[in-house]
2 protein chains.
Amino acid sequence: MRDIEILGNRSQGADFIRKTKNKKFVLSFVISYTATCEIPGITVAGANPDLLKFTPAADAEFLKYGYCKSIDAIPMTPDGKPTPALLTKVALEAASIPCFVVNAGSKVVPKVPCVELGLEPGKNIAQEPALEQELVRKAVEYGRIVGRTLGSSTDCLIIGESIPGGTTTALAVLKGLGMQALVSSSMPQNPTDLKNKTVQNALKKLQSKDPYNVVAQVGDPMIPSVAGILSTASESTNVILAGGTQMAAVLAFAKNIGFNEKNTVVGTTSYIVDDKTANLVDAVRQIYDIPVLVAKLRLGQSKISGLRSYAEGFVKEGAGAGGASIACMIKTGLDTEKLLLLTEKEYQRITSQ
Amino acid sequence: MRDIEILGNRSQGADFIRKTKNKKFVLSFVISYTATCEIPGITVAGANPDLLKFTPAADAEFLKYGYCKSIDAIPMTPDGKPTPALLTKVALEAASIPCFVVNAGSKVVPKVPCVELGLEPGKNIAQEPALEQELVRKAVEYGRIVGRTLGSSTDCLIIGESIPGGTTTALAVLKGLGMQALVSSSMPQNPTDLKNKTVQNALKKLQSKDPYNVVAQVGDPMIPSVAGILSTASESTNVILAGGTQMAAVLAFAKNIGFNEKNTVVGTTSYIVDDKTANLVDAVRQIYDIPVLVAKLRLGQSKISGLRSYAEGFVKEGAGAGGASIACMIKTGLDTEKLLLLTEKEYQRITSQ
């Protein structure tokens with residue numbers, strides 16, 4: 001398809017698109033939290049630091065209701081850069097794709113029915129271990145149950161996430177598991193030094209390279225939850241891991257619990273792949289020879305500056321936006337020109353409320 | 001099909017079986033609580049009154065794991081009458097039907113991922129109003145979201161329930177909404193007097209016949225939650241309301257919030273329909289002209305006395321057992337002879353652990 005670029009394992013990627021064409025898709029939207037996002041300057045998600053903890057819940061509410069209940073407005077920077085959940089919602093609606101919200105340790109419980117994994121928010125890895133190892137095991141176990149249930153009722157499960165500060169914990173997990181990885185950011189001046197310093201300090205305290213220990217020390221609750229969902233869902237259906245470098249961290253951890261790589265792709269936006277400070281495709285290749293599908297969005301052509309900012313290096317991806325856009329195109333045959341029109345319409349709706 | 005009897009609207013029932021034959025089914029298993037079950041002598045569910053509150057959680061765990069985590073054993077009376085979740089599990093496994101656990105105010109949160117509706121357990125209607133009217137509205141609203149999501153990803157949604165004491169609150173809601181109804185029981189000597197006295201006393205305090213008020217005063221959290229799920233799910237797919245007279249109460253309430261009756265059937269066991277103290281088919285007919293599908297189970301032919309007791313008037317139904325058995329037969333073509341064999345095997349597995 002013209003607007004989906006296939007990187008990594010190209011033949012498997014083309015095959016994936018063929019076998020899911022016009023089929024049923026479901027999104028599991030995993031919301032979580034790491035207090036690592038509270039380090040000043042590390043993320044743009046949420047206009048205001050105090051509002052950061054509301055972002056995942058607000059994204060979930062926006063996807064289900066079209067407006068937020070836990071906060072007054074749709075998550076957006078003061079100068080009008082919207083949450084990527086805007087792109088996700090447009091793609092889901094255009095293709096009639098149902099969405100299950102999965103609460104994997106969000107600090108704020110959204111005002112919407114959630115599949116509850118009974119976890120706690122992750123702690124700031126600059127200061128202390130992220131979560132107890134027992135909770136990593138629970139996240140995997142519960143994730144596996146959710147993945148089995150959701151996987152057996154659809155032809156393709158998209159797994160997206162919303163966790164502010166999650167690229168830093170993803171970087172730490174990738175490095176802790178011995179991968180070479182640079183990590184993308186929601187800001188054009190990627191605060192690489194700050195992230196690397198945070199990660200290096202956290203990794204110094206690592207006492208073992210056991211994957212469960214690495215995630216417990218320097219990860220977040222999203223990573224083992226999504227790995228668990230992937231593990232069982234990929235046994236019975238196709239899976240799109242919808243996200244950037246965070247999904248590379250999921251893959252690196254999932255390597256140890258097992259999943260069916262033949263049914264699995266990473267789906268993301270072109271803005272992540274264009275990001276020179278990140279190397280998503282390389283990071284994925286180090287772990288598994290699986291495809292990276294890229295939604296060639298046309299936000300740079302938008303008449304709305306908040307949407308153009310995605311092409312200028314802001315936000316770039318999140319809330320499963322890339323994977324949901326890809327799923328929409330595979331299911332319906334729409335292209336990104338049409339998606340841009342729908343996105344602009346939705347942007348205008350929410351900003352005129 | 002030989003082992004499914006169609007009562008009520010027969011032509012619509014036959015049509016329902018035709019259109020769902022060999023199709024995809026999903027069970028939403030709604031667990032809840034009403035402190036009304038604490039009235040001595042009102043229910044057999046749970047061997048021990050202190051264990052009653054664990055029954056819904058234990059049923060959910062048993063369906064997902066094949067064993068319970070919140071208590072030591074599968075719910076069973078001391079003399080070996082098993083929870084109807086045993087029948088449900090056998091039917092789901094034989095037909096590969098996925099199950100979503102929905103927590104609609106269970107007193108004990110099961111150790112399994114749940115779709116969380118954020119409700120509270122219902123109070124004892126003999127003593128005080130069951131729940132705040134605000135929570136009835138929330139149950140409907142959240143139920144509607146869950147029904148939309150689950151309904152759009154399957155060809156037929158089965159909705160089952162586990163709520164000890166739920167037949168008493170169902171009777172109260174039916175009478176409060178002006179229906180003539182007798183209610184079934186999990187005991188052969190149906191404690192009709194005790195139930196009727198409880199219901200009459202509760203209804204005396206009713207200040208209005210507004211359906212939301214009736215459920216808030218004398219109902220339980222399961223009824224509005226299931227009505228909400230039914231409401232949206234039946235707009236996009238087929239629905240089996242799996243249960244006895246409790247589902248009549250759901251229908252009576254759902255009349256006021258709307259649902260598509262053309263896509264809806266009640267599915268239950270022959271032991272409910274045979275119950276002379278209840279009149280499920282009549283109760284349903286007073287509300288809507290929809291089919292009642294009856295699984296003609298053969299538990300009376302079992303070599304295991306705990307299973308035979310179902311045909312002798314104990315337990316009879318619950319945990320969506322009748323509807324799940326019907327779904328299994330429609331999806332796979334199995335008959336109740338085969339289901340009995342599988343049920344005996346599962347009974348032996350759990351009692352030899």
# chains A, B, ... in the order shown; residues from 1 in each chain; ligands from 1

$ closest_atom_pairs --of "stretch 52-169 of chain A" --to "stretch 320-342 of chain A" --cutoff "10 Å" --atoms "only C-alpha atoms" --output "Markdown table"
| residue | atom | partner | partner_atom | distance |
| --- | --- | --- | --- | --- |
| A:Thr83 | CA | A:Ala321 | CA | 9.7 |
| A:Pro84 | CA | A:Ala321 | CA | 5.9 |
| A:Ala85 | CA | A:Ala321 | CA | 6.4 |
| A:Leu86 | CA | A:Ala321 | CA | 8.0 |
| A:Leu87 | CA | A:Ala321 | CA | 5.5 |
| A:Thr88 | CA | A:Ala321 | CA | 4.4 |
| A:Lys89 | CA | A:Ala321 | CA | 8.2 |
| A:Val90 | CA | A:Leu342 | CA | 6.5 |
| A:Ala91 | CA | A:Ser325 | CA | 5.2 |
| A:Leu92 | CA | A:Ala324 | CA | 6.6 |
| A:Glu93 | CA | A:Cys328 | CA | 8.7 |
| A:Ala94 | CA | A:Cys328 | CA | 6.9 |
| A:Ala95 | CA | A:Cys328 | CA | 5.2 |
| A:Ser96 | CA | A:Cys328 | CA | 8.5 |
| A:Ile97 | CA | A:Cys328 | CA | 8.0 |
| A:Cys156 | CA | A:Ala327 | CA | 8.6 |
| A:Leu157 | CA | A:Ala327 | CA | 9.5 |
| A:Ile158 | CA | A:Gly323 | CA | 6.7 |
| A:Ile159 | CA | A:Gly320 | CA | 6.9 |
| A:Gly160 | CA | A:Gly320 | CA | 3.9 |
| A:Glu161 | CA | A:Gly320 | CA | 6.0 |
| A:Ser162 | CA | A:Gly320 | CA | 8.0 |

$ residues_around --residues "A:Ala170" --least-positions-apart "5" --cutoff "9 Å" --atoms "only C-alpha atoms" --output "list in words"
Lys175, Val183, Val218, Gly219, Asp220, Ile223, Thr245, Gln246, Met247, Ala248, Ala249 and Val250 of chain A

$ write_last_selection --atoms "all heavy atoms" --output "CSV table (one decimal), in the first residue's frame"
chain,number,residue,atom,x,y,z
A,175,LYS,N,19.2,-0.8,27.2
A,175,LYS,CA,20.6,-0.8,27.6
A,175,LYS,C,20.9,-1.9,28.6
A,175,LYS,O,21.9,-2.6,28.6
A,175,LYS,CB,21.1,0.5,28.0
A,175,LYS,CG,21.1,1.5,26.9
A,175,LYS,CD,22.0,2.7,27.2
A,175,LYS,CE,22.3,3.5,25.9
A,175,LYS,NZ,22.9,4.8,26.1
A,183,VAL,N,17.2,6.6,21.7
A,183,VAL,CA,15.7,6.7,21.9
A,183,VAL,C,15.1,8.0,21.4
A,183,VAL,O,15.8,9.0,21.5
A,183,VAL,CB,15.4,6.4,23.4
A,183,VAL,CG1,14.0,6.8,23.7
A,183,VAL,CG2,15.7,5.0,23.8
A,218,VAL,N,14.8,-0.7,36.4
A,218,VAL,CA,14.9,0.5,35.5
A,218,VAL,C,13.8,0.6,34.5
A,218,VAL,O,13.9,1.5,33.6
A,218,VAL,CB,16.3,0.5,34.8
A,218,VAL,CG1,17.4,0.4,35.8
A,218,VAL,CG2,16.4,-0.6,33.8
A,219,GLY,N,12.8,-0.2,34.6
A,219,GLY,CA,11.7,-0.2,33.6
A,219,GLY,C,10.5,0.5,34.1
A,219,GLY,O,10.5,1.5,34.8
A,220,ASP,N,9.3,0.1,33.6
A,220,ASP,CA,8.0,0.6,34.0
A,220,ASP,C,7.0,-0.4,33.9
A,220,ASP,O,7.2,-1.5,33.3
A,220,ASP,CB,7.7,1.9,33.1
A,220,ASP,CG,7.6,1.5,31.6
A,220,ASP,OD1,6.8,0.6,31.3
A,220,ASP,OD2,8.4,2.1,30.8
A,223,ILE,N,5.9,-2.1,30.1
A,223,ILE,CA,6.8,-3.0,29.3
A,223,ILE,C,6.4,-4.4,29.6
A,223,ILE,O,6.1,-5.2,28.6
A,223,ILE,CB,8.3,-2.7,29.6
A,223,ILE,CG1,8.6,-1.3,28.9
A,223,ILE,CG2,9.1,-3.8,29.0
A,223,ILE,CD1,10.0,-0.8,29.3
A,245,THR,N,10.2,3.5,20.1
A,245,THR,CA,11.3,2.7,20.7
A,245,THR,C,10.8,2.0,21.9
A,245,THR,O,11.4,1.0,22.4
A,245,THR,CB,12.4,3.7,21.1
A,245,THR,OG1,12.4,4.8,20.2
A,245,THR,CG2,13.8,3.0,21.0
A,246,GLN,N,9.7,2.5,22.5
A,246,GLN,CA,9.2,1.7,23.6
A,246,GLN,C,8.8,0.3,23.3
A,246,GLN,O,8.9,-0.6,24.1
A,246,GLN,CB,7.9,2.5,24.2
A,246,GLN,CG,8.3,3.6,25.0
A,246,GLN,CD,7.2,4.7,25.1
A,246,GLN,OE1,7.0,5.4,24.1
A,246,GLN,NE2,6.6,4.7,26.2
A,247,MET,N,8.3,0.1,22.0
A,247,MET,CA,8.0,-1.2,21.6
A,247,MET,C,9.2,-2.1,21.3
A,247,MET,O,9.2,-3.3,21.4
A,247,MET,CB,7.1,-1.2,20.4
A,247,MET,CG,5.7,-0.7,20.7
A,247,MET,SD,4.9,-1.7,22.0
A,247,MET,CE,3.4,-0.6,22.4
A,248,ALA,N,10.4,-1.4,21.1
A,248,ALA,CA,11.6,-2.2,21.0
A,248,ALA,C,12.0,-2.7,22.4
A,248,ALA,O,12.4,-3.9,22.5
A,248,ALA,CB,12.8,-1.3,20.5
A,249,ALA,N,11.7,-1.9,23.4
A,249,ALA,CA,12.0,-2.4,24.8
A,249,ALA,C,11.1,-3.6,25.1
A,249,ALA,O,11.5,-4.6,25.7
A,249,ALA,CB,11.8,-1.3,25.8
A,250,VAL,N,9.8,-3.5,24.7
A,250,VAL,CA,8.9,-4.6,24.9
A,250,VAL,C,9.4,-5.9,24.2
A,250,VAL,O,9.4,-6.9,24.8
A,250,VAL,CB,7.5,-4.2,24.3
A,250,VAL,CG1,6.6,-5.4,24.2
A,250,VAL,CG2,6.8,-3.1,25.2

$ select_by_dssp --residues "stretch 230-298 of chain A" --states "strand (DSSP E)" --output "list in words"
Asn238, Val239, Ile240, Leu241, Ala242, Thr264, Val265, Val266, Gly267, Thr268, Thr269, Pro291, Val292, Leu293, Val294 and Ala295 of chain A

$ interface_residues --of "chain B" --to "chain A" --cutoff "12 Å" --atoms "only C-alpha atoms" --output "JSON, numbers by chain"
{"B": [23, 24, 25, 26, 27, 28, 61, 63, 64, 65, 95, 96, 97, 98, 99, 100, 101, 102, 103, 104, 109, 110, 111, 112, 113, 114, 115, 116, 117, 118, 119, 138, 139, 140, 141, 142, 143, 144, 145, 146, 147, 148, 149, 150, 151, 152, 153, 154, 155, 156, 157, 225, 229, 236]}

$ atom_distance --atom1 "atom CA of B:Ser208" --atom2 "atom CA of B:Lys195"
21.6 Å

$ closest_residue --among "A:Arg137, A:Lys276, A:Lys345, A:Lys81" --to "A:Ser305" --atoms "only C-alpha atoms"
A:Lys81

$ residues_around --residues "B:Lys205" --least-positions-apart "2" --cutoff "9 Å" --atoms "only C-alpha atoms" --output "NGL selection string"
:B and (129 or 201-203 or 207 or 217)

$ atom_distance --atom1 "atom CA of A:Ser70" --atom2 "atom CA of B:Phe259"
29.1 Å

$ select_by_dssp --residues "stretch 94-171 of chain A" --states "alpha helix (DSSP H)" --output "PyMOL selection string"
chain A and resi 94-95+133-151+166-171

$ write_last_selection --atoms "C-alpha atoms" --output "mmCIF file, in the first residue's frame"
data_model
loop_
_atom_site.group_PDB
_atom_site.id
_atom_site.type_symbol
_atom_site.label_atom_id
_atom_site.label_comp_id
_atom_site.auth_asym_id
_atom_site.auth_seq_id
_atom_site.Cartn_x
_atom_site.Cartn_y
_atom_site.Cartn_z
ATOM 1 C CA ALA A 94 -12.736 5.688 10.208
ATOM 2 C CA ALA A 95 -12.252 1.916 10.343
ATOM 3 C CA GLN A 133 9.841 -7.897 40.885
ATOM 4 C CA GLU A 134 6.618 -9.544 42.056
ATOM 5 C CA LEU A 135 4.668 -6.899 40.140
ATOM 6 C CA VAL A 136 6.691 -7.528 36.985
ATOM 7 C CA ARG A 137 5.611 -11.175 37.198
ATOM 8 C CA LYS A 138 2.002 -10.169 37.809
ATOM 9 C CA ALA A 139 2.085 -7.775 34.841
ATOM 10 C CA VAL A 140 3.301 -10.580 32.584
ATOM 11 C CA GLU A 141 0.794 -13.109 33.935
ATOM 12 C CA TYR A 142 -2.194 -10.777 33.701
ATOM 13 C CA GLY A 143 -0.987 -9.490 30.350
ATOM 14 C CA ARG A 144 -0.916 -13.070 29.090
ATOM 15 C CA ILE A 145 -4.536 -13.614 30.158
ATOM 16 C CA VAL A 146 -5.648 -10.394 28.471
ATOM 17 C CA GLY A 147 -3.699 -11.242 25.316
ATOM 18 C CA ARG A 148 -5.288 -14.682 25.131
ATOM 19 C CA THR A 149 -8.805 -13.265 25.490
ATOM 20 C CA LEU A 150 -8.357 -10.341 23.112
ATOM 21 C CA GLY A 151 -6.296 -12.338 20.631
ATOM 22 C CA GLY A 166 8.263 6.055 28.865
ATOM 23 C CA THR A 167 11.035 6.585 26.325
ATOM 24 C CA THR A 168 13.561 7.012 29.137
ATOM 25 C CA THR A 169 12.600 3.764 30.881
ATOM 26 C CA ALA A 170 12.551 2.053 27.460
ATOM 27 C CA LEU A 171 16.117 3.245 26.854
#

$ atom_distance --atom1 "atom CA of B:Asp275" --atom2 "atom CA of B:Ala73"
29.1 Å

$ residues_around --residues "B:Pro75" --least-positions-apart "5" --cutoff "7 Å" --atoms "only C-alpha atoms" --output "list in words"
Gly46, Thr55, Ala58, Pro82 and Thr83 of chain B

$ residues_around --residues "B:Ala252" --least-positions-apart "3" --cutoff "9 Å" --atoms "only C-alpha atoms" --output "list in words"
Val173, Leu174, Leu177, Met179, Pro211, Met247, Ala248, Ala249, Lys255, Asn256, Val284, Gln286, Ile287 and Tyr288 of chain B

$ residues_around --residues "B:Ile257" --least-positions-apart "5" --cutoff "9 Å" --atoms "only C-alpha atoms" --output "ChimeraX atom specification"
/B:140,227-228,231
